[in-house]
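Participant: This is my_file29.txt (compact mmCIF, C-alpha atoms).
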# COMPACT_ATOMS: atom_id res chain seq x y z
CA MET G 1 -20.77 -18.18 -4.11
CA LEU G 2 -24.34 -17.93 -2.78
CA PHE G 3 -23.20 -15.66 0.02
CA ILE G 4 -22.09 -12.90 -2.35
CA ALA G 5 -25.48 -11.26 -2.87
CA PRO G 6 -26.41 -10.98 0.83
CA LEU G 7 -22.84 -9.97 1.63
CA LEU G 8 -22.95 -6.99 -0.68
CA ALA G 9 -26.38 -5.99 0.56
CA TRP G 10 -25.43 -6.38 4.21
CA GLY G 11 -26.89 -3.58 6.25
CA GLY G 12 -26.38 -4.74 9.83
CA THR G 13 -23.43 -4.52 12.15
CA GLY G 14 -21.35 -6.98 10.18
CA TYR G 15 -20.64 -9.03 13.32
CA PRO G 16 -21.86 -12.64 13.28
CA GLY G 17 -23.18 -14.04 16.53
CA ASP G 18 -24.57 -10.67 17.66
CA GLU G 19 -27.52 -12.50 19.22
CA THR G 20 -25.31 -14.37 21.71
CA THR G 21 -22.02 -12.42 21.86
CA PRO G 22 -22.84 -8.75 21.28
CA CYS G 23 -19.35 -7.24 21.51
CA GLY G 24 -20.73 -3.73 21.30
CA ASP G 25 -22.72 -4.08 24.52
CA CYS G 26 -19.47 -3.96 26.50
CA HIS G 27 -17.18 -2.40 23.91
CA PRO G 28 -19.30 0.14 22.02
CA ARG G 29 -16.41 2.49 21.28
CA GLN G 30 -14.16 -0.25 19.96
CA GLN G 31 -16.89 -1.74 17.80
CA ALA G 32 -17.89 1.65 16.37
CA GLU G 33 -14.25 2.48 15.63
CA PHE G 34 -13.60 -0.82 13.90
CA GLN G 35 -16.78 -0.65 11.82
CA ARG G 36 -15.45 2.56 10.28
CA SER G 37 -12.18 0.88 9.31
CA HIS G 38 -11.35 -0.48 5.86
CA MET G 39 -10.89 -3.96 7.31
CA ALA G 40 -14.55 -4.01 8.34
CA MET G 41 -15.48 -3.24 4.72
CA ALA G 42 -12.83 -5.43 3.09
CA ALA G 43 -15.31 -7.46 1.01
CA ARG G 44 -17.30 -4.54 -0.34
CA ALA G 45 -14.58 -2.01 -1.06
CA PRO G 46 -14.79 -0.90 -4.73
CA ALA G 47 -11.06 -1.51 -5.34
CA PHE G 48 -11.33 -5.07 -4.02
CA LEU G 49 -14.49 -5.86 -5.99
CA GLU G 50 -12.93 -4.54 -9.18
CA GLU G 51 -9.82 -6.69 -8.75
CA TRP G 52 -11.88 -9.71 -7.66
CA ARG G 53 -14.03 -9.54 -10.80
CA ARG G 54 -10.97 -8.99 -13.00
CA LYS G 55 -9.38 -12.15 -11.62
CA GLY G 56 -12.46 -14.26 -12.33
CA ARG G 57 -14.32 -13.90 -9.00
CA PRO G 58 -12.29 -16.49 -7.06
CA ASP G 59 -13.87 -17.69 -3.84
CA THR G 60 -10.43 -17.93 -2.25
CA CYS G 61 -10.27 -14.12 -1.92
CA PHE G 62 -12.94 -14.19 0.78
CA ALA G 63 -10.81 -16.32 3.09
CA CYS G 64 -9.18 -12.99 4.02
CA HIS G 65 -11.64 -10.35 2.89
CA ALA G 66 -14.69 -11.97 4.51
CA PRO G 67 -13.64 -15.00 6.63
CA SER G 68 -17.05 -15.13 8.34
CA ARG G 69 -18.98 -14.32 5.15
CA SER G 70 -19.79 -10.82 6.35
CA ALA G 71 -19.05 -7.49 4.69
CA GLY G 72 -15.45 -7.70 5.83
CA VAL G 73 -13.36 -8.73 8.81
CA VAL G 74 -15.26 -9.11 12.10
CA CYS G 75 -14.27 -9.41 15.78
CA THR G 76 -14.03 -13.20 15.91
CA ASP G 77 -11.87 -13.37 12.78
CA CYS G 78 -8.98 -11.97 14.81
CA HIS G 79 -9.96 -12.69 18.42
CA GLY G 80 -11.20 -16.25 17.84
CA THR G 81 -14.41 -17.99 18.89
CA ALA G 82 -13.40 -19.35 22.30
CA GLY G 83 -15.53 -16.75 24.03
CA HIS G 84 -14.95 -13.98 26.54
CA PRO G 85 -12.44 -13.29 28.02
CA TYR G 86 -10.54 -13.54 24.76
CA PRO G 87 -6.78 -14.18 25.00
CA ARG G 88 -4.32 -11.44 24.16
CA LEU G 89 -3.49 -11.51 20.47
CA SER G 90 -0.03 -12.60 19.39
CA LEU G 91 1.54 -10.08 17.04
CA PRO G 92 2.41 -10.24 14.23
CA ALA G 93 1.27 -13.89 14.01
CA VAL G 94 -2.43 -13.01 14.09
CA CYS G 95 -1.99 -10.77 11.04
CA ALA G 96 0.01 -13.32 9.03
CA PRO G 97 -2.82 -15.55 7.67
CA CYS G 98 -4.07 -12.68 5.51
CA HIS G 99 -1.08 -10.37 5.18
CA ASP G 100 1.19 -13.21 4.09
CA ALA G 101 -1.44 -14.73 1.81
CA PRO G 102 -0.67 -15.19 -1.91
CA GLY G 103 -0.14 -11.78 -3.45
CA GLU G 104 0.95 -10.33 -0.09
CA LEU G 105 4.44 -9.70 1.25
CA THR G 106 3.64 -7.39 4.14
CA LEU G 107 4.42 -9.64 7.10
CA ARG G 108 7.34 -11.46 5.53
CA SER G 109 9.04 -8.17 4.73
CA PHE G 110 8.27 -6.81 8.22
CA ARG G 111 10.07 -9.64 10.02
CA ASP G 112 13.49 -8.53 8.73
CA SER G 113 12.81 -4.79 8.79
CA PRO G 114 14.41 -2.07 10.94
CA ALA G 115 11.01 -1.63 12.64
CA ALA G 116 10.98 -5.25 13.79
CA ARG G 117 14.55 -4.95 15.06
CA ARG G 118 13.49 -1.91 17.09
CA GLY G 119 10.82 -4.03 18.78
CA GLU G 120 7.87 -2.44 16.98
CA ASP G 121 4.90 -4.42 15.71
CA CYS G 122 1.94 -3.87 13.37
CA LEU G 123 0.01 -1.79 15.88
CA SER G 124 2.87 0.66 16.40
CA CYS G 125 1.79 2.37 13.17
CA HIS G 126 -1.65 1.01 12.38
CA LEU G 127 -3.22 1.26 15.84
CA PRO G 128 -1.16 3.70 17.92
CA GLY G 129 -2.20 5.00 21.29
CA GLU G 130 -3.63 3.57 24.47
CA GLY G 131 -7.02 2.51 25.74
CA PHE G 132 -7.70 -0.54 23.58
CA SER G 133 -8.52 1.57 20.56
CA HIS G 134 -9.78 -0.21 17.42
CA ASP G 135 -9.39 2.83 15.18
CA PHE G 136 -7.16 1.04 12.67
CA ARG G 137 -5.28 3.35 10.31
CA GLY G 138 -3.99 2.66 6.84
CA PRO G 139 -2.79 4.43 3.69
CA LYS G 140 -6.26 5.73 2.80
CA ARG G 141 -6.42 7.67 6.06
CA ARG G 142 -5.62 11.32 5.40
CA GLY G 143 -2.13 12.13 6.62
CA PHE G 144 -1.11 8.50 7.23
CA LEU G 145 1.42 8.53 4.37
CA GLN G 146 2.69 12.02 5.17
CA GLY G 147 6.49 11.91 5.15
CA ILE G 148 6.58 8.15 4.60
CA ALA G 149 9.11 8.37 1.74
CA THR G 150 12.10 10.45 0.69
CA LEU G 151 13.62 10.84 -2.74
CA THR G 152 17.10 12.25 -3.32
CA ILE G 153 18.58 13.08 -6.71
CA ALA G 154 22.28 12.92 -7.50
CA PHE G 155 24.20 12.85 -10.78
CA ARG G 156 26.97 10.75 -12.23
CA ARG G 157 28.99 12.23 -15.09
CA GLU G 158 30.76 9.95 -17.54
CA PRO G 159 32.11 10.36 -21.08
CA ALA G 160 29.44 8.01 -22.36
CA GLY G 161 26.68 10.19 -20.93
CA ASP G 162 25.27 11.65 -17.73
CA THR G 163 23.03 9.70 -15.40
CA ALA G 164 20.59 10.78 -12.68
CA LEU G 165 20.65 8.61 -9.56
CA LEU G 166 17.28 8.62 -7.79
CA ARG G 167 17.38 7.07 -4.33
CA ILE G 168 14.05 6.14 -2.77
CA ARG G 169 13.82 5.36 0.93
CA HIS G 170 10.81 4.97 3.19
CA ARG G 171 10.08 4.42 6.86
CA ALA G 172 7.28 1.87 6.57
CA GLY G 173 7.86 -1.28 8.59
CA HIS G 174 7.39 -3.44 5.50
CA VAL G 175 7.62 -3.20 1.74
CA LEU G 176 5.98 -0.22 0.07
CA PRO G 177 3.29 -0.54 -1.06
CA GLY G 178 1.93 -3.05 1.39
CA GLY G 179 -1.22 -4.88 0.46
CA THR G 180 -2.17 -6.91 -2.57
CA THR G 181 -1.25 -7.02 -6.23
CA GLY G 182 -3.39 -4.08 -7.33
CA ARG G 183 -1.54 -1.45 -5.28
CA ALA G 184 1.58 0.22 -6.59
CA VAL G 185 4.02 3.05 -6.02
CA TRP G 186 4.86 4.84 -9.26
CA LEU G 187 7.98 6.91 -9.93
CA LEU G 188 7.40 9.53 -12.63
CA VAL G 189 10.52 11.18 -14.04
CA GLU G 190 10.44 14.18 -16.39
CA GLN G 191 13.46 15.74 -18.08
CA ARG G 192 12.94 19.29 -19.38
CA ASP G 193 15.07 21.44 -21.63
CA ALA G 194 16.02 25.10 -21.07
CA GLY G 195 12.66 26.19 -22.48
CA GLY G 196 10.67 23.99 -20.11
CA ARG G 197 9.70 21.42 -22.73
CA VAL G 198 9.60 17.75 -21.72
CA VAL G 199 12.27 15.91 -23.70
CA VAL G 200 12.04 12.54 -21.90
CA GLU G 201 9.40 11.07 -19.62
CA ARG G 202 9.78 7.71 -17.86
CA HIS G 203 7.52 5.76 -15.50
CA TYR G 204 8.62 3.05 -13.05
CA ARG G 205 6.16 0.83 -11.17
CA PHE G 206 6.94 -0.71 -7.78
CA GLY G 207 4.73 -3.47 -6.42
CA TRP G 208 3.66 -6.75 -7.97
CA LEU G 209 4.40 -6.96 -11.71
CA HIS G 210 2.66 -9.40 -14.04
CA SER G 211 3.91 -10.92 -17.26
CA PRO G 212 1.86 -13.27 -19.48
CA THR G 213 4.90 -15.54 -19.74
CA ALA G 214 6.56 -15.26 -16.31
CA GLY G 215 3.47 -14.66 -14.15
CA TRP G 216 3.70 -12.53 -11.02
CA ARG G 217 6.95 -11.00 -9.82
CA GLU G 218 7.43 -8.97 -6.65
CA ASN G 219 9.09 -5.58 -7.20
CA SER G 220 8.16 -3.53 -4.14
CA LEU G 221 10.32 -0.97 -2.35
CA PRO G 222 12.07 -2.79 0.53
CA PRO G 223 12.16 -1.31 4.03
CA GLY G 224 15.36 0.18 5.34
CA VAL G 225 17.82 -0.27 2.50
CA GLY G 226 15.95 1.72 -0.14
CA LYS G 227 16.31 1.48 -3.89
CA VAL G 228 18.32 3.43 -6.45
CA VAL G 229 16.94 4.04 -9.93
CA GLU G 230 19.42 5.07 -12.62
CA VAL G 231 17.99 7.32 -15.32
CA PRO G 232 20.08 8.20 -18.41
CA LEU G 233 19.95 11.96 -19.03
CA HIS G 234 18.99 13.39 -22.38
CA GLU G 235 21.63 15.72 -23.81
CA ALA G 236 19.13 18.59 -23.90
CA ALA G 237 17.89 18.10 -20.33
CA ARG G 238 18.43 21.01 -17.94
CA VAL G 239 15.92 20.17 -15.21
CA ILE G 240 14.76 16.85 -13.80
CA ARG G 241 11.54 16.34 -11.86
CA ALA G 242 10.76 13.14 -9.95
CA LYS G 243 7.39 12.37 -8.39
CA LEU G 244 6.49 9.36 -6.23
CA ILE G 245 2.79 8.39 -6.21
CA TYR G 246 0.99 5.76 -4.12
CA ARG G 247 -1.92 4.25 -6.05
CA PHE G 248 -4.66 1.86 -4.94
CA ARG G 249 -6.24 0.96 -8.28
CA ALA G 250 -4.83 -1.76 -10.47
CA GLY G 251 -3.71 -0.88 -13.97
CA GLY G 252 -1.72 1.95 -15.47
CA LEU G 253 -1.51 5.65 -14.77
CA ASP G 254 -4.14 6.33 -17.41
CA ARG G 255 -6.78 4.95 -15.03
CA ALA G 256 -8.21 7.50 -12.62
CA ASP G 257 -7.55 6.81 -8.95
CA PRO G 258 -9.31 9.34 -6.71
CA ASP G 259 -7.56 7.94 -3.62
CA GLN G 260 -3.99 8.19 -4.90
CA ARG G 261 -1.44 10.06 -2.77
CA VAL G 262 1.60 12.03 -3.91
CA LEU G 263 4.39 10.99 -1.55
CA VAL G 264 7.27 13.08 -2.92
CA ASP G 265 7.65 15.71 -5.64
CA GLU G 266 11.24 16.85 -6.22
CA THR G 267 12.76 19.09 -8.89
CA ARG G 268 16.50 19.57 -9.45
CA PRO G 269 18.27 21.74 -12.04
CA LEU G 270 21.21 20.23 -13.87
CA ALA G 271 23.50 23.04 -12.73
CA PHE G 272 26.59 21.39 -14.20
CA ARG G 273 25.12 21.86 -17.69
CA ALA G 274 25.60 25.49 -18.57
CA GLY G 275 23.94 27.15 -21.51
CA PRO G 276 20.93 26.12 -23.62
Output the structure of this file as structure tokens.
Facilitator:
Amino acid sequence: MLFIAPLLAWGGTGYPGDETTPCGDCHPRQQAEFQRSHMAMAARAPAFLEEWRRKGRPDTCFACHAPSRSAGVVCTDCHGTAGHPYPRLSLPAVCAPCHDAPGELTLRSFRDSPAARRGEDCLSCHLPGEGFSHDFRGPKRRGFLQGIATLTIAFRREPAGDTALLRIRHRAGHVLPGGTTGRAVWLLVEQRDAGGRVVVERHYRFGWLHSPTAGWRENSLPPGVGKVVEVPLHEAARVIRAKLIYRFRAGGLDRADPDQRVLVDETRPLAFRAGP
């Protein structure tokens, strides 16, 4: 772990071999774009460092977050070290070593997704456009998650009690959230009475779940088919509000996450329940 201290203090370009293969001399725009990306800072991002320390500082994390022992991913980590001209990258295979690593399901879920069947690949969403851009985009980019998910609310009435049916669908090409075990999508459901008071509040977490006895279990939102959550309705409930939140920080909702994004916020009255 001797590389950790210089890695965190790295102040240069973050590209090993700059003395002999200065990518930026011929590709200044691409290098500048990539250096602003979260992949280029993968080993010094606060969320990663927090999770890395919490898990006991395993060296294995840097196989993906800093393969060349830099501050993050660098040119040769994806393009190889054979030298210029570099071969065209094979997608999605080049992404798989890290995005199918333990604690990841992004590539495996993509392979059977509607996006893959349409002939799309990773760059269709994360690096759109022409001109060999390296301006990689992800969920922390403002607007990237805009309209990514929908949430519809329906009701089922039965003698034993009423139930709200919350259907979540999204248009990501892989499970939501993508990424590692710390990320999650939370569904917050409030039931309010006629006076506006909260009578029931429930939280549901989608992503990787951990149990001290069973270990890690994957519970992300699959692409295409969606997921339905059944919520029993309190007898006093007159309004239901459902909010879907994408969070980057590990832990519960009580932990502040300045980067979190509200994906959907829906409110429906229980019109079939007349009176107070």
Participant: Please provide as a ChimeraX atom specification all residues within 6 Å of stretch 37-41 of chain G, with the sequence filter that same-chain residues fewer than 6 positions apart are discarded (counting all atoms listed in the file).
Facilitator: /G:71-73
Participant: Please save C-alpha atoms of the selected residues as a PDB file, keeping the file's coordinate frame.
Facilitator:
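Final file, out00.pdb:
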ATOM      1  CA  ALA G  71     -19.050  -7.490   4.690  1.00  0.00           C
ATOM      2  CA  GLY G  72     -15.450  -7.700   5.830  1.00  0.00           C
ATOM      3  CA  VAL G  73     -13.360  -8.730   8.810  1.00  0.00           C
TER       4      VAL G  73
END
Participant: Just want the 7 Å neighbourhood of stretch 118-123 of chain G, counted on only C-alpha atoms, with same-chain residues fewer than 5 positions away dropped. Output as a list in words.
Facilitator: Leu91, Pro92 and Pro128 of chain G
Participant: Please produce a file of those selected residues containing C-alpha atoms, as a PDB file, keeping the file's coordinate frame.
Facilitator:
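Just written: out-v3.pdb:
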ATOM      1  CA  LEU G  91       1.540 -10.080  17.040  1.00  0.00           C
ATOM      2  CA  PRO G  92       2.410 -10.240  14.230  1.00  0.00           C
ATOM      3  CA  PRO G 128      -1.160   3.700  17.920  1.00  0.00           C
TER       4      PRO G 128
END
Participant: Counting all atoms listed in the file, figure out which residue out of G:Arg192, G:His174, G:Arg202, G:Arg197 gets nearest to G:Ser220.
Facilitator: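 For G:Ser220, the nearest of the candidates is G:His174.
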Participant: Neighbouring residues of G:Cys125 were defined as those with any atom within 12 Å, considering only C-alpha atoms; residues of the same chain fewer than 5 positions away were excluded. Please report them as a VMD selection string.
Facilitator: chain G and resid 115 to 116 120 135 to 139 144 to 145 148 171 to 174
Participant: Keeping C-alpha atoms, export the residues of the selection given above as a PDB file, in the coordinates of the input.
Facilitator:
ATOM      1  CA  ALA G 115      11.010  -1.630  12.640  1.00  0.00           C
ATOM      2  CA  ALA G 116      10.980  -5.250  13.790  1.00  0.00           C
ATOM      3  CA  GLU G 120       7.870  -2.440  16.980  1.00  0.00           C
ATOM      4  CA  ASP G 135      -9.390   2.830  15.180  1.00  0.00           C
ATOM      5  CA  PHE G 136      -7.160   1.040  12.670  1.00  0.00           C
ATOM      6  CA  ARG G 137      -5.280   3.350  10.310  1.00  0.00           C
ATOM      7  CA  GLY G 138      -3.990   2.660   6.840  1.00  0.00           C
ATOM      8  CA  PRO G 139      -2.790   4.430   3.690  1.00  0.00           C
ATOM      9  CA  PHE G 144      -1.110   8.500   7.230  1.00  0.00           C
ATOM     10  CA  LEU G 145       1.420   8.530   4.370  1.00  0.00           C
ATOM     11  CA  ILE G 148       6.580   8.150   4.600  1.00  0.00           C
ATOM     12  CA  ARG G 171      10.080   4.420   6.860  1.00  0.00           C
ATOM     13  CA  ALA G 172       7.280   1.870   6.570  1.00  0.00           C
ATOM     14  CA  GLY G 173       7.860  -1.280   8.590  1.00  0.00           C
ATOM     15  CA  HIS G 174       7.390  -3.440   5.500  1.00  0.00           C
TER      16      HIS G 174
END
Participant: Go ahead and compute the interatomic distance for atom CA of G:Pro102 and atom CA of G:Pro223, in Å to one decimal.
Facilitator: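 Taking atom CA of G:Pro102 as the start and atom CA of G:Pro223 as the end point, the length is 19.8 Å.
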Participant: Hey, which of G:Ile245, G:Gly147, G:Leu187, G:Trp208 ends up closest to G:Asp259? Count all atoms listed in the file.
Facilitator: G:Ile245
Participant: What lies within 10 Å of G:Ala32 using all atoms listed in the file, ignoring chain neighbours under 4 positions off, as a ChimeraX atom specification?
Facilitator: /G:13,24,27-28,36-37,134-135
Participant: For C-alpha atoms, I'd like the residues from the last selection saved as a PDB file, in the coordinates of the input.
Facilitator:
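Now in again.pdb:
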ATOM      1  CA  THR G  13     -23.430  -4.520  12.150  1.00  0.00           C
ATOM      2  CA  GLY G  24     -20.730  -3.730  21.300  1.00  0.00           C
ATOM      3  CA  HIS G  27     -17.180  -2.400  23.910  1.00  0.00           C
ATOM      4  CA  PRO G  28     -19.300   0.140  22.020  1.00  0.00           C
ATOM      5  CA  ARG G  36     -15.450   2.560  10.280  1.00  0.00           C
ATOM      6  CA  SER G  37     -12.180   0.880   9.310  1.00  0.00           C
ATOM      7  CA  HIS G 134      -9.780  -0.210  17.420  1.00  0.00           C
ATOM      8  CA  ASP G 135      -9.390   2.830  15.180  1.00  0.00           C
TER       9      ASP G 135
END
Participant: Skipping near chain neighbours, those fewer than 5 positions away, what residues fall within 10 Å of stretch 42-53 of chain G using only C-alpha atoms, listed as a PyMOL selection string?
Facilitator: chain G and resi 4+7-10+37+58-62+64-67+69-73+180-183+248-251+257
Participant: For G:Arg108, which of G:Arg57, G:Leu89, G:Val74, G:Gly178 is the closest residue, counting all atoms listed in the file?
Facilitator: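 Among the listed residues, the smallest separation from G:Arg108 belongs to G:Gly178.
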Participant: Restricting the calculation to all atoms listed in the file: of G:His210, G:His203, G:Arg238, G:His99, which residue gets closest to G:Ala63?
Facilitator: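 Among G:His210, G:His203, G:Arg238, G:His99, it is G:His99 that comes nearest to G:Ala63.
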Participant: Work out how far apart atom CA of G:Gly179 and atom CA of G:Leu105 are and give it in Å to one decimal.
Facilitator: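 So the two atoms, atom CA of G:Gly179 and atom CA of G:Leu105, lie 7.5 Å apart.
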Participant: What is the distance, in Å and to one decimal place, between atom CA of G:Pro212 and atom CA of G:Ala184?
Facilitator: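 If I compute the distance from atom CA of G:Pro212 to atom CA of G:Ala184, I get 18.7 Å.
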Participant: Between G:Gly129, G:Gly224, G:Gly56, G:Gly83, which has the minimum distance to G:Ala149 (counting all atoms listed in the file)?
Facilitator: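 Smallest distance to G:Ala149 is found for G:Gly224.
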Participant: Using all atoms listed in the file, find the one residue out of G:Asp254, G:Asp100, G:Glu33, G:Glu266 that sits nearest to G:Leu166.
Facilitator: G:Glu266
Participant: Take stretch 108-129 of chain G from the preceding structure and save N, CA and C atoms as a CSV table (one decimal), in the first residue's frame.
Facilitator:
chain,number,residue,atom,x,y,z
G,108,ARG,N,-23.1,-7.2,-16.8
G,108,ARG,CA,-23.9,-8.4,-16.9
G,108,ARG,C,-25.4,-8.1,-17.1
G,109,SER,N,-25.9,-7.1,-16.4
G,109,SER,CA,-27.3,-6.7,-16.6
G,109,SER,C,-27.5,-6.0,-18.0
G,110,PHE,N,-26.5,-5.3,-18.5
G,110,PHE,CA,-26.6,-4.7,-19.8
G,110,PHE,C,-26.8,-5.7,-20.9
G,111,ARG,N,-26.1,-6.9,-20.8
G,111,ARG,CA,-26.1,-7.8,-21.9
G,111,ARG,C,-27.5,-8.3,-22.3
G,112,ASP,N,-28.4,-8.4,-21.4
G,112,ASP,CA,-29.7,-8.9,-21.6
G,112,ASP,C,-30.8,-7.8,-21.6
G,113,SER,N,-30.3,-6.5,-21.7
G,113,SER,CA,-31.3,-5.4,-21.6
G,113,SER,C,-31.9,-5.0,-22.9
G,114,PRO,N,-33.0,-4.3,-22.9
G,114,PRO,CA,-33.5,-3.7,-24.2
G,114,PRO,C,-32.6,-2.9,-25.0
G,115,ALA,N,-31.7,-2.2,-24.2
G,115,ALA,CA,-30.7,-1.3,-24.9
G,115,ALA,C,-29.7,-2.2,-25.8
G,116,ALA,N,-29.3,-3.3,-25.2
G,116,ALA,CA,-28.4,-4.2,-25.9
G,116,ALA,C,-29.1,-4.8,-27.1
G,117,ARG,N,-30.4,-5.1,-27.0
G,117,ARG,CA,-31.1,-5.7,-28.1
G,117,ARG,C,-31.3,-4.7,-29.2
G,118,ARG,N,-31.3,-3.4,-28.8
G,118,ARG,CA,-31.5,-2.3,-29.9
G,118,ARG,C,-30.1,-2.0,-30.6
G,119,GLY,N,-29.1,-2.7,-30.1
G,119,GLY,CA,-27.8,-2.4,-30.7
G,119,GLY,C,-27.0,-1.3,-30.1
G,120,GLU,N,-27.4,-0.8,-29.0
G,120,GLU,CA,-26.7,0.2,-28.3
G,120,GLU,C,-25.6,-0.4,-27.5
G,121,ASP,N,-24.6,0.5,-27.1
G,121,ASP,CA,-23.5,0.0,-26.2
G,121,ASP,C,-23.3,1.1,-25.1
G,122,CYS,N,-22.3,0.9,-24.3
G,122,CYS,CA,-22.0,1.8,-23.2
G,122,CYS,C,-21.9,3.3,-23.6
G,123,LEU,N,-21.3,3.5,-24.7
G,123,LEU,CA,-21.0,4.9,-25.2
G,123,LEU,C,-22.3,5.6,-25.7
G,124,SER,N,-23.3,4.8,-26.0
G,124,SER,CA,-24.6,5.5,-26.5
G,124,SER,C,-25.1,6.5,-25.5
G,125,CYS,N,-24.9,6.2,-24.2
G,125,CYS,CA,-25.4,7.1,-23.1
G,125,CYS,C,-24.3,7.8,-22.4
G,126,HIS,N,-23.1,7.1,-22.2
G,126,HIS,CA,-22.1,7.7,-21.4
G,126,HIS,C,-21.1,8.5,-22.2
G,127,LEU,N,-21.1,8.4,-23.5
G,127,LEU,CA,-20.2,9.2,-24.3
G,127,LEU,C,-20.8,9.4,-25.7
G,128,PRO,N,-22.0,10.1,-25.7
G,128,PRO,CA,-22.7,10.4,-27.0
G,128,PRO,C,-22.0,11.4,-27.8
G,129,GLY,N,-22.3,11.4,-29.1
G,129,GLY,CA,-21.8,12.4,-30.0
G,129,GLY,C,-20.7,11.9,-30.9
